[in-house]
Amino acid sequence: MTLVTDLTSRKADTTAPLIHPLVERWSPRAYDPTAEVSTDVLRTILEAARWAPSANNTQPWRFIVARRGSDAFTTVHDALMGFNQAWADSAAVLIVNIAETADAEGKPRPWARYDLGQAVAHLTVQAQHEGLHTHQMGGFDGARIAQAFGLADHLEVVSITAIGVLGDVDALPEPLREREVAPRMRKPLDELVVAGE
Ligand SMILES: Cc1cc2nc3c(=O)[nH]c(=O)nc-3n(C[C@H](O)[C@H](O)[C@H](O)COP(=O)(O)O)c2cc1C
C-alpha cells in the first residue's frame with residue numbers, strides 16, 4: 001500500500017489567535033535527509049536564543065552546534081537513546097542545549113535551566129519562522145556528551161534540539177509514523193490557571 005500523508009501543517013487548534021510560528025510549530029520526526037540549513041539561517045536562530053531574557057542577564061546558555069555529516073553530529077547522535085537515534089539522523093542540525101549552572105567562582109545559578117529553556121524556546125520559534133521544524137529531546141546520555149566535548153562540571157547538558165526541513169512521514173518505520181499522525185492534545189486553559197481569572 002502506498003501512503004501519501006501530508007503533514008506540512010499540524011496546526012495547533014488554539015482557543016485564541018496566536019502568532020503564525022506558534023500555531024505552525026510542532027515536533028516532527030520525519031526530516032528531509034538531504035536538506036541543509038544555511039549558515040545565515042543557523043546564525044539567525046542562534047541570535048534569537050542570544051536575545052532571550054535571563055536572570056540578572058547572566059545568559060547561562062551554551063550550545064554545541066552539529067551539522068549532519070560532521071564528526072560532532074555523529075558524536076551527539078551516538079549519545080541519543082535508541083528511540084531518538086531511529087529518526088534524528090535525518091535532521092540537518094543537532095544542537096546540544098547546555099546550562100551554565102554556576103558562575104566562575106562556583107556560585108550556583110538557580111535559574112540557569114529556566115533561562116536555557118527560554119532561550120531554546122526563542123530558537124524554536126525563530127526556526128519555525130525560517131520555514132524549519134525543531135524537535136527537542138530529553139532522551140540521551142548527557143555524561144557521554146560532556147565527556148566527548150570536554151565540558152566543565154558547571155556545564156550541564158539539559159536537552160538536544162533537532163532542526164531540519166520536514167520530510168516524508170511515510171518513510172518512517174510504523175510505530176513512529178503512527179505517533180507522527182496522532183492528534184495533538186493539550187490540557188484546557190482553565191486547568192493551567194490554578195488561581196485568579
Ligand atoms: C524537554 C523535552 C524533552 C523531550 N524529549 C523527547 C524525546 O526524548 N524524544 C522525543 O521523541 N520527543 C521528545 N520531546 C518532544 C515532546 O514529546 C513534544 O514536544 C510534545 O509531545 C508536544 O508535541 P509538539 O511539540 O508536537 O507540540 C521532548 C520535548 C521537550 C520540551
# chains A, B, ... in the order shown; residues from 1 in each chain; ligands from 1

call {"tool": "closest_atom_pairs", "arguments": {"of": "chain A", "to": "ligand 1", "cutoff": "7 Å", "atoms": "only C-alpha atoms and all ligand atoms", "output": "tab-separated table"}}
result
residue	atom	partner	partner_atom_place_in_ligand_line	distance
A:Arg25	CA	ligand 1	27 (O)	6.9
A:Trp26	CA	ligand 1	26 (O)	3.6
A:Ser27	CA	ligand 1	26 (O)	3.8
A:Pro28	CA	ligand 1	26 (O)	6.6
A:Asn84	CA	ligand 1	9 (N)	5.6
A:His135	CA	ligand 1	15 (C)	6.0
A:Gln136	CA	ligand 1	29 (C)	4.6
A:Met137	CA	ligand 1	5 (N)	3.4
A:Gly138	CA	ligand 1	5 (N)	3.8
A:Gly139	CA	ligand 1	8 (O)	3.6
A:Ser159	CA	ligand 1	1 (C)	6.0
A:Arg184	CA	ligand 1	27 (O)	6.6

call {"tool": "write_last_selection", "arguments": {"atoms": "all heavy atoms", "output": "short mmCIF file (atom, residue, chain, number, x, y, z; two decimals), in the first residue's frame"}}
result
data_model
loop_
_atom_site.label_atom_id
_atom_site.label_comp_id
_atom_site.auth_asym_id
_atom_site.auth_seq_id
_atom_site.Cartn_x
_atom_site.Cartn_y
_atom_site.Cartn_z
N ARG A 25 4.17 25.55 14.79
CA ARG A 25 5.23 24.74 15.40
C ARG A 25 4.69 23.41 15.89
O ARG A 25 3.67 23.35 16.53
CB ARG A 25 5.86 25.49 16.59
CG ARG A 25 7.11 24.81 17.13
CD ARG A 25 7.24 25.00 18.63
NE ARG A 25 6.11 24.45 19.36
CZ ARG A 25 5.99 23.14 19.65
NH1 ARG A 25 6.90 22.27 19.31
NH2 ARG A 25 4.90 22.70 20.30
N TRP A 26 5.37 22.35 15.54
CA TRP A 26 5.14 21.05 16.16
C TRP A 26 6.45 20.28 16.04
O TRP A 26 7.41 20.78 15.45
CB TRP A 26 3.96 20.29 15.51
CG TRP A 26 4.14 19.95 14.07
CD1 TRP A 26 4.09 20.81 13.01
CD2 TRP A 26 4.38 18.64 13.52
NE1 TRP A 26 4.29 20.12 11.83
CE2 TRP A 26 4.48 18.79 12.11
CE3 TRP A 26 4.51 17.37 14.07
CZ2 TRP A 26 4.71 17.71 11.26
CZ3 TRP A 26 4.74 16.30 13.21
CH2 TRP A 26 4.83 16.48 11.83
N SER A 27 6.53 19.12 16.63
CA SER A 27 7.80 18.41 16.74
C SER A 27 7.80 17.16 15.86
O SER A 27 7.45 16.07 16.31
CB SER A 27 8.05 18.00 18.19
OG SER A 27 8.05 19.13 19.03
N PRO A 28 8.19 17.30 14.60
CA PRO A 28 8.20 16.14 13.70
C PRO A 28 9.39 15.21 13.97
O PRO A 28 10.39 15.61 14.57
CB PRO A 28 8.35 16.75 12.31
CG PRO A 28 8.51 18.21 12.49
CD PRO A 28 8.68 18.51 13.93
N ASN A 84 15.35 7.83 19.90
CA ASN A 84 15.64 9.09 19.21
C ASN A 84 16.63 8.89 18.05
O ASN A 84 16.51 9.55 17.01
CB ASN A 84 16.19 10.13 20.20
CG ASN A 84 15.09 10.66 21.12
OD1 ASN A 84 13.94 10.79 20.71
ND2 ASN A 84 15.45 10.93 22.36
N HIS A 135 12.70 19.66 16.98
CA HIS A 135 12.19 18.62 17.89
C HIS A 135 13.17 18.50 19.05
O HIS A 135 14.32 18.10 18.85
CB HIS A 135 12.04 17.29 17.14
CG HIS A 135 11.23 16.28 17.88
ND1 HIS A 135 10.28 15.48 17.28
CD2 HIS A 135 11.22 15.93 19.19
CE1 HIS A 135 9.73 14.69 18.18
NE2 HIS A 135 10.30 14.94 19.36
N GLN A 136 12.72 18.88 20.22
CA GLN A 136 13.59 18.81 21.40
C GLN A 136 13.58 17.39 21.96
O GLN A 136 12.58 16.68 21.87
CB GLN A 136 13.12 19.80 22.46
CG GLN A 136 13.18 21.25 21.97
CD GLN A 136 12.60 22.22 22.98
OE1 GLN A 136 13.01 22.22 24.13
NE2 GLN A 136 11.67 23.03 22.54
N MET A 137 14.71 17.03 22.56
CA MET A 137 14.84 15.68 23.13
C MET A 137 15.45 15.72 24.53
O MET A 137 16.38 16.47 24.78
CB MET A 137 15.76 14.82 22.25
CG MET A 137 15.17 14.46 20.91
SD MET A 137 16.43 13.70 19.86
CE MET A 137 17.17 15.14 19.11
N GLY A 138 14.89 14.86 25.40
CA GLY A 138 15.49 14.64 26.72
C GLY A 138 16.10 13.25 26.81
O GLY A 138 16.76 12.93 27.81
N GLY A 139 15.89 12.45 25.77
CA GLY A 139 16.38 11.06 25.78
C GLY A 139 17.78 10.95 25.20
O GLY A 139 17.95 10.76 23.99
N SER A 159 19.22 19.40 27.22
CA SER A 159 18.37 18.86 26.15
C SER A 159 19.11 18.96 24.82
O SER A 159 20.17 19.59 24.74
CB SER A 159 17.03 19.62 26.08
OG SER A 159 17.26 20.98 25.78
N ARG A 184 -2.89 16.00 18.11
CA ARG A 184 -2.12 16.77 19.10
C ARG A 184 -3.06 17.20 20.22
O ARG A 184 -4.15 17.71 19.97
CB ARG A 184 -1.50 17.99 18.42
CG ARG A 184 -0.54 17.60 17.32
CD ARG A 184 0.13 18.81 16.72
NE ARG A 184 0.94 19.51 17.70
CZ ARG A 184 1.16 20.82 17.70
NH1 ARG A 184 0.60 21.57 16.77
NH2 ARG A 184 1.92 21.38 18.61
#

call {"tool": "closest_atom_pairs", "arguments": {"of": "range 87-123 of chain A", "to": "range 39-53 of chain A", "cutoff": "6 Å", "atoms": "only C-alpha atoms", "output": "JSON lines"}}
result
{"residue": "A:Ala119", "atom": "CA", "partner": "A:Ala49", "partner_atom": "CA", "distance": 4.3}
{"residue": "A:His122", "atom": "CA", "partner": "A:Ala49", "partner_atom": "CA", "distance": 5.4}
{"residue": "A:Leu123", "atom": "CA", "partner": "A:Ala49", "partner_atom": "CA", "distance": 5.0}

call {"tool": "atom_distance", "arguments": {"atom1": "CA of Lys107 in chain A", "atom2": "CA of Phe140 in chain A"}}
result
27.1 Å

call {"tool": "select_by_dssp", "arguments": {"residues": "range 57-180 of chain A", "states": "strand (DSSP E)", "output": "JSON list (two decimals) with all heavy atoms, in the first residue's frame"}}
result
[["chain", "number", "residue", "atom", "x", "y", "z"],
["A", 61, "TRP", "N", 23.31, 30.18, 28.85],
["A", 61, "TRP", "CA", 23.08, 29.15, 27.82],
["A", 61, "TRP", "C", 24.32, 29.00, 26.96],
["A", 61, "TRP", "O", 24.99, 29.95, 26.61],
["A", 61, "TRP", "CB", 21.87, 29.53, 26.94],
["A", 61, "TRP", "CG", 21.80, 30.99, 26.60],
["A", 61, "TRP", "CD1", 22.63, 31.68, 25.76],
["A", 61, "TRP", "CD2", 20.89, 31.95, 27.12],
["A", 61, "TRP", "NE1", 22.27, 33.00, 25.71],
["A", 61, "TRP", "CE2", 21.21, 33.21, 26.53],
["A", 61, "TRP", "CE3", 19.80, 31.89, 27.99],
["A", 61, "TRP", "CZ2", 20.50, 34.37, 26.81],
["A", 61, "TRP", "CZ3", 19.10, 33.04, 28.27],
["A", 61, "TRP", "CH2", 19.45, 34.27, 27.68],
["A", 62, "ARG", "N", 24.62, 27.75, 26.66],
["A", 62, "ARG", "CA", 25.75, 27.44, 25.77],
["A", 62, "ARG", "C", 25.24, 26.38, 24.80],
["A", 62, "ARG", "O", 24.34, 25.59, 25.16],
["A", 62, "ARG", "CB", 26.95, 26.89, 26.56],
["A", 62, "ARG", "CG", 27.50, 27.85, 27.63],
["A", 62, "ARG", "CD", 28.17, 29.07, 27.00],
["A", 62, "ARG", "NE", 28.71, 29.98, 28.03],
["A", 62, "ARG", "CZ", 28.03, 30.97, 28.60],
["A", 62, "ARG", "NH1", 26.76, 31.20, 28.26],
["A", 62, "ARG", "NH2", 28.60, 31.73, 29.51],
["A", 63, "PHE", "N", 25.81, 26.31, 23.62],
["A", 63, "PHE", "CA", 25.31, 25.37, 22.61],
["A", 63, "PHE", "C", 26.46, 24.65, 21.91],
["A", 63, "PHE", "O", 27.51, 25.25, 21.66],
["A", 63, "PHE", "CB", 24.49, 26.13, 21.55],
["A", 63, "PHE", "CG", 23.34, 26.92, 22.12],
["A", 63, "PHE", "CD1", 23.44, 28.29, 22.29],
["A", 63, "PHE", "CD2", 22.18, 26.29, 22.52],
["A", 63, "PHE", "CE1", 22.39, 29.03, 22.84],
["A", 63, "PHE", "CE2", 21.11, 27.00, 23.08],
["A", 63, "PHE", "CZ", 21.22, 28.38, 23.22],
["A", 64, "ILE", "N", 26.23, 23.40, 21.60],
["A", 64, "ILE", "CA", 27.09, 22.68, 20.65],
["A", 64, "ILE", "C", 26.26, 22.55, 19.38],
["A", 64, "ILE", "O", 25.13, 22.03, 19.43],
["A", 64, "ILE", "CB", 27.49, 21.29, 21.18],
["A", 64, "ILE", "CG1", 28.36, 21.43, 22.44],
["A", 64, "ILE", "CG2", 28.22, 20.49, 20.10],
["A", 64, "ILE", "CD1", 28.57, 20.13, 23.19],
["A", 65, "VAL", "N", 26.77, 23.07, 18.28],
["A", 65, "VAL", "CA", 26.02, 23.07, 17.02],
["A", 65, "VAL", "C", 26.65, 22.04, 16.08],
["A", 65, "VAL", "O", 27.80, 22.20, 15.67],
["A", 65, "VAL", "CB", 26.04, 24.48, 16.38],
["A", 65, "VAL", "CG1", 25.24, 24.50, 15.08],
["A", 65, "VAL", "CG2", 25.47, 25.51, 17.37],
["A", 66, "ALA", "N", 25.90, 21.01, 15.77],
["A", 66, "ALA", "CA", 26.46, 19.88, 15.00],
["A", 66, "ALA", "C", 25.63, 19.68, 13.73],
["A", 66, "ALA", "O", 24.46, 19.31, 13.77],
["A", 66, "ALA", "CB", 26.44, 18.62, 15.85],
["A", 67, "ARG", "N", 26.28, 19.93, 12.61],
["A", 67, "ARG", "CA", 25.60, 19.71, 11.31],
["A", 67, "ARG", "C", 25.71, 18.25, 10.90],
["A", 67, "ARG", "O", 26.76, 17.63, 11.11],
["A", 67, "ARG", "CB", 26.28, 20.54, 10.22],
["A", 67, "ARG", "CG", 25.96, 21.99, 10.22],
["A", 67, "ARG", "CD", 26.80, 22.61, 9.09],
["A", 67, "ARG", "NE", 26.67, 24.04, 9.06],
["A", 67, "ARG", "CZ", 25.65, 24.68, 8.47],
["A", 67, "ARG", "NH1", 24.70, 23.99, 7.88],
["A", 67, "ARG", "NH2", 25.60, 25.99, 8.46],
["A", 93, "VAL", "N", 20.59, 19.56, 11.58],
["A", 93, "VAL", "CA", 21.46, 20.04, 12.66],
["A", 93, "VAL", "C", 20.95, 19.47, 13.99],
["A", 93, "VAL", "O", 19.74, 19.36, 14.20],
["A", 93, "VAL", "CB", 21.41, 21.60, 12.76],
["A", 93, "VAL", "CG1", 22.38, 22.10, 13.82],
["A", 93, "VAL", "CG2", 21.72, 22.25, 11.42],
["A", 94, "LEU", "N", 21.88, 19.09, 14.84],
["A", 94, "LEU", "CA", 21.55, 18.77, 16.23],
["A", 94, "LEU", "C", 22.22, 19.83, 17.10],
["A", 94, "LEU", "O", 23.43, 20.06, 16.97],
["A", 94, "LEU", "CB", 22.05, 17.37, 16.61],
["A", 94, "LEU", "CG", 21.37, 16.19, 15.91],
["A", 94, "LEU", "CD1", 22.07, 14.88, 16.27],
["A", 94, "LEU", "CD2", 19.89, 16.12, 16.28],
["A", 95, "ILE", "N", 21.43, 20.47, 17.95],
["A", 95, "ILE", "CA", 22.00, 21.46, 18.86],
["A", 95, "ILE", "C", 21.91, 20.92, 20.29],
["A", 95, "ILE", "O", 20.82, 20.56, 20.75],
["A", 95, "ILE", "CB", 21.28, 22.81, 18.75],
["A", 95, "ILE", "CG1", 21.48, 23.39, 17.35],
["A", 95, "ILE", "CG2", 21.81, 23.79, 19.81],
["A", 95, "ILE", "CD1", 21.00, 24.82, 17.17],
["A", 96, "VAL", "N", 23.04, 20.84, 20.95],
["A", 96, "VAL", "CA", 23.06, 20.42, 22.36],
["A", 96, "VAL", "C", 22.87, 21.67, 23.20],
["A", 96, "VAL", "O", 23.63, 22.65, 23.07],
["A", 96, "VAL", "CB", 24.40, 19.75, 22.71],
["A", 96, "VAL", "CG1", 24.41, 19.31, 24.16],
["A", 96, "VAL", "CG2", 24.67, 18.56, 21.78],
["A", 97, "ASN", "N", 21.84, 21.66, 24.04],
["A", 97, "ASN", "CA", 21.49, 22.81, 24.87],
["A", 97, "ASN", "C", 22.09, 22.63, 26.26],
["A", 97, "ASN", "O", 21.76, 21.68, 26.97],
["A", 97, "ASN", "CB", 19.97, 22.94, 24.95],
["A", 97, "ASN", "CG", 19.33, 23.02, 23.58],
["A", 97, "ASN", "OD1", 19.75, 23.80, 22.73],
["A", 97, "ASN", "ND2", 18.32, 22.19, 23.34],
["A", 98, "ILE", "N", 22.95, 23.56, 26.63],
["A", 98, "ILE", "CA", 23.75, 23.42, 27.85],
["A", 98, "ILE", "C", 23.47, 24.59, 28.79],
["A", 98, "ILE", "O", 23.45, 25.75, 28.36],
["A", 98, "ILE", "CB", 25.26, 23.41, 27.48],
["A", 98, "ILE", "CG1", 25.56, 22.23, 26.55],
["A", 98, "ILE", "CG2", 26.14, 23.39, 28.71],
["A", 98, "ILE", "CD1", 26.90, 22.31, 25.85],
["A", 99, "ALA", "N", 23.26, 24.27, 30.07],
["A", 99, "ALA", "CA", 23.07, 25.32, 31.08],
["A", 99, "ALA", "C", 24.36, 25.51, 31.87],
["A", 99, "ALA", "O", 24.98, 24.54, 32.31],
["A", 99, "ALA", "CB", 21.94, 24.93, 32.03],
["A", 100, "GLU", "N", 24.74, 26.78, 32.03],
["A", 100, "GLU", "CA", 25.89, 27.10, 32.89],
["A", 100, "GLU", "C", 25.34, 27.26, 34.31],
["A", 100, "GLU", "O", 24.80, 28.32, 34.66],
["A", 100, "GLU", "CB", 26.54, 28.39, 32.40],
["A", 100, "GLU", "CG", 27.88, 28.64, 33.05],
["A", 100, "GLU", "CD", 28.50, 29.94, 32.54],
["A", 100, "GLU", "OE1", 27.84, 30.99, 32.61],
["A", 100, "GLU", "OE2", 29.64, 29.88, 32.07],
["A", 133, "HIS", "N", 11.68, 23.09, 11.02],
["A", 133, "HIS", "CA", 11.00, 22.50, 12.17],
["A", 133, "HIS", "C", 12.04, 22.08, 13.20],
["A", 133, "HIS", "O", 13.23, 21.88, 12.87],
["A", 133, "HIS", "CB", 10.16, 21.29, 11.75],
["A", 133, "HIS", "CG", 8.83, 21.66, 11.18],
["A", 133, "HIS", "ND1", 8.67, 22.10, 9.89],
["A", 133, "HIS", "CD2", 7.59, 21.68, 11.74],
["A", 133, "HIS", "CE1", 7.39, 22.37, 9.67],
["A", 133, "HIS", "NE2", 6.71, 22.12, 10.78],
["A", 134, "THR", "N", 11.60, 21.95, 14.43],
["A", 134, "THR", "CA", 12.50, 21.57, 15.53],
["A", 134, "THR", "C", 11.85, 20.45, 16.34],
["A", 134, "THR", "O", 10.62, 20.32, 16.36],
["A", 134, "THR", "CB", 12.78, 22.75, 16.47],
["A", 134, "THR", "OG1", 11.52, 23.23, 16.97],
["A", 134, "THR", "CG2", 13.52, 23.88, 15.77],
["A", 135, "HIS", "N", 12.70, 19.66, 16.98],
["A", 135, "HIS", "CA", 12.19, 18.62, 17.89],
["A", 135, "HIS", "C", 13.17, 18.50, 19.05],
["A", 135, "HIS", "O", 14.32, 18.10, 18.85],
["A", 135, "HIS", "CB", 12.04, 17.29, 17.14],
["A", 135, "HIS", "CG", 11.23, 16.28, 17.88],
["A", 135, "HIS", "ND1", 10.28, 15.48, 17.28],
["A", 135, "HIS", "CD2", 11.22, 15.93, 19.19],
["A", 135, "HIS", "CE1", 9.73, 14.69, 18.18],
["A", 135, "HIS", "NE2", 10.30, 14.94, 19.36],
["A", 136, "GLN", "N", 12.72, 18.88, 20.22],
["A", 136, "GLN", "CA", 13.59, 18.81, 21.40],
["A", 136, "GLN", "C", 13.58, 17.39, 21.96],
["A", 136, "GLN", "O", 12.58, 16.68, 21.87],
["A", 136, "GLN", "CB", 13.12, 19.80, 22.46],
["A", 136, "GLN", "CG", 13.18, 21.25, 21.97],
["A", 136, "GLN", "CD", 12.60, 22.22, 22.98],
["A", 136, "GLN", "OE1", 13.01, 22.22, 24.13],
["A", 136, "GLN", "NE2", 11.67, 23.03, 22.54],
["A", 137, "MET", "N", 14.71, 17.03, 22.56],
["A", 137, "MET", "CA", 14.84, 15.68, 23.13],
["A", 137, "MET", "C", 15.45, 15.72, 24.53],
["A", 137, "MET", "O", 16.38, 16.47, 24.78],
["A", 137, "MET", "CB", 15.76, 14.82, 22.25],
["A", 137, "MET", "CG", 15.17, 14.46, 20.91],
["A", 137, "MET", "SD", 16.43, 13.70, 19.86],
["A", 137, "MET", "CE", 17.17, 15.14, 19.11],
["A", 155, "LEU", "N", 28.85, 22.96, 33.43],
["A", 155, "LEU", "CA", 28.10, 23.00, 32.16],
["A", 155, "LEU", "C", 27.27, 21.72, 32.05],
["A", 155, "LEU", "O", 27.81, 20.63, 31.87],
["A", 155, "LEU", "CB", 29.06, 23.13, 30.98],
["A", 155, "LEU", "CG", 29.85, 24.44, 30.93],
["A", 155, "LEU", "CD1", 30.79, 24.44, 29.73],
["A", 155, "LEU", "CD2", 28.92, 25.66, 30.89],
["A", 156, "GLU", "N", 25.96, 21.88, 32.20],
["A", 156, "GLU", "CA", 25.07, 20.71, 32.22],
["A", 156, "GLU", "C", 24.31, 20.57, 30.90],
["A", 156, "GLU", "O", 23.63, 21.51, 30.47],
["A", 156, "GLU", "CB", 24.06, 20.85, 33.37],
["A", 156, "GLU", "CG", 23.14, 19.66, 33.50],
["A", 156, "GLU", "CD", 22.04, 19.90, 34.54],
["A", 156, "GLU", "OE1", 22.30, 20.61, 35.52],
["A", 156, "GLU", "OE2", 20.92, 19.40, 34.34],
["A", 157, "VAL", "N", 24.42, 19.39, 30.30],
["A", 157, "VAL", "CA", 23.65, 19.12, 29.08],
["A", 157, "VAL", "C", 22.20, 18.86, 29.50],
["A", 157, "VAL", "O", 21.91, 17.90, 30.21],
["A", 157, "VAL", "CB", 24.22, 17.89, 28.33],
["A", 157, "VAL", "CG1", 23.39, 17.61, 27.08],
["A", 157, "VAL", "CG2", 25.67, 18.12, 27.96],
["A", 158, "VAL", "N", 21.30, 19.75, 29.07],
["A", 158, "VAL", "CA", 19.91, 19.68, 29.53],
["A", 158, "VAL", "C", 19.00, 19.05, 28.47],
["A", 158, "VAL", "O", 18.12, 18.25, 28.79],
["A", 158, "VAL", "CB", 19.40, 21.09, 29.91],
["A", 158, "VAL", "CG1", 17.91, 21.06, 30.26],
["A", 158, "VAL", "CG2", 20.21, 21.64, 31.09],
["A", 159, "SER", "N", 19.22, 19.40, 27.22],
["A", 159, "SER", "CA", 18.37, 18.86, 26.15],
["A", 159, "SER", "C", 19.11, 18.96, 24.82],
["A", 159, "SER", "O", 20.17, 19.59, 24.74],
["A", 159, "SER", "CB", 17.03, 19.62, 26.08],
["A", 159, "SER", "OG", 17.26, 20.98, 25.78],
["A", 160, "ILE", "N", 18.53, 18.35, 23.82],
["A", 160, "ILE", "CA", 19.09, 18.42, 22.46],
["A", 160, "ILE", "C", 17.95, 18.79, 21.51],
["A", 160, "ILE", "O", 16.83, 18.27, 21.67],
["A", 160, "ILE", "CB", 19.71, 17.07, 22.06],
["A", 160, "ILE", "CG1", 20.91, 16.76, 22.98],
["A", 160, "ILE", "CG2", 20.14, 17.06, 20.59],
["A", 160, "ILE", "CD1", 21.54, 15.40, 22.76],
["A", 161, "THR", "N", 18.23, 19.69, 20.58],
["A", 161, "THR", "CA", 17.20, 20.09, 19.61],
["A", 161, "THR", "C", 17.61, 19.64, 18.21],
["A", 161, "THR", "O", 18.69, 20.00, 17.73],
["A", 161, "THR", "CB", 17.02, 21.63, 19.60],
["A", 161, "THR", "OG1", 16.81, 22.09, 20.93],
["A", 161, "THR", "CG2", 15.83, 22.02, 18.74],
["A", 162, "ALA", "N", 16.74, 18.85, 17.60],
["A", 162, "ALA", "CA", 16.91, 18.50, 16.19],
["A", 162, "ALA", "C", 16.26, 19.60, 15.36],
["A", 162, "ALA", "O", 15.15, 20.06, 15.68],
["A", 162, "ALA", "CB", 16.26, 17.16, 15.90],
["A", 163, "ILE", "N", 16.95, 20.04, 14.31],
["A", 163, "ILE", "CA", 16.42, 21.09, 13.43],
["A", 163, "ILE", "C", 16.53, 20.60, 11.99],
["A", 163, "ILE", "O", 17.55, 20.02, 11.61],
["A", 163, "ILE", "CB", 17.22, 22.40, 13.57],
["A", 163, "ILE", "CG1", 17.23, 22.84, 15.03],
["A", 163, "ILE", "CG2", 16.65, 23.50, 12.68],
["A", 163, "ILE", "CD1", 18.07, 24.07, 15.30],
["A", 164, "GLY", "N", 15.50, 20.86, 11.21],
["A", 164, "GLY", "CA", 15.59, 20.44, 9.81],
["A", 164, "GLY", "C", 14.38, 20.83, 9.01],
["A", 164, "GLY", "O", 13.50, 21.58, 9.47]]

call {"tool": "residues_around", "arguments": {"residues": "Ala112 in chain A", "least_positions_apart": "2", "cutoff": "7 Å", "atoms": "only C-alpha atoms", "output": "JSON, numbers by chain"}}
result
{"A": [60, 99, 100, 101, 109, 110, 114, 115, 116]}

call {"tool": "select_by_dssp", "arguments": {"residues": "range 5-159 of chain A", "states": "alpha helix (DSSP H)", "output": "JSON, numbers by chain"}}
result
{"A": [20, 21, 22, 23, 24, 39, 40, 41, 42, 43, 44, 45, 46, 47, 48, 49, 50, 71, 72, 73, 74, 75, 76, 77, 78, 82, 83, 84, 85, 86, 87, 88, 112, 113, 114, 115, 116, 117, 118, 119, 120, 121, 122, 123, 124, 125, 126, 127, 128, 129, 142, 143, 144, 145, 146, 147, 148]}

call {"tool": "closest_residue", "arguments": {"among": "A:Val165, A:Val120, A:Val125, A:Ala152", "to": "Val37 in chain A", "atoms": "only C-alpha atoms"}}
result
A:Val165

call {"tool": "atom_distance", "arguments": {"atom1": "CA of Leu192 in chain A", "atom2": "CA of Ala16 in chain A"}}
result
15.0 Å

call {"tool": "residues_around", "arguments": {"residues": "range 186-191 of chain A", "least_positions_apart": "2", "cutoff": "12 Å", "atoms": "only C-alpha atoms", "output": "tab-separated table (two decimals) with C-alpha atoms, in the first residue's frame"}}
result
chain	number	residue	atom	x	y	z
A	12	ALA	CA	-2.38	23.92	16.84
A	13	ASP	CA	-6.15	24.04	17.44
A	14	THR	CA	-5.97	27.19	19.55
A	15	THR	CA	-8.74	28.80	21.61
A	16	ALA	CA	-7.31	32.26	20.93
A	183	PRO	CA	-3.93	14.02	17.18
A	184	ARG	CA	-2.12	16.77	19.10
A	193	VAL	CA	-4.63	28.71	35.56
A	194	VAL	CA	-4.77	27.47	39.15
A	195	ALA	CA	-5.86	30.73	40.78
A	196	GLY	CA	-7.17	34.09	39.69
A	197	GLU	CA	-9.08	34.55	36.46
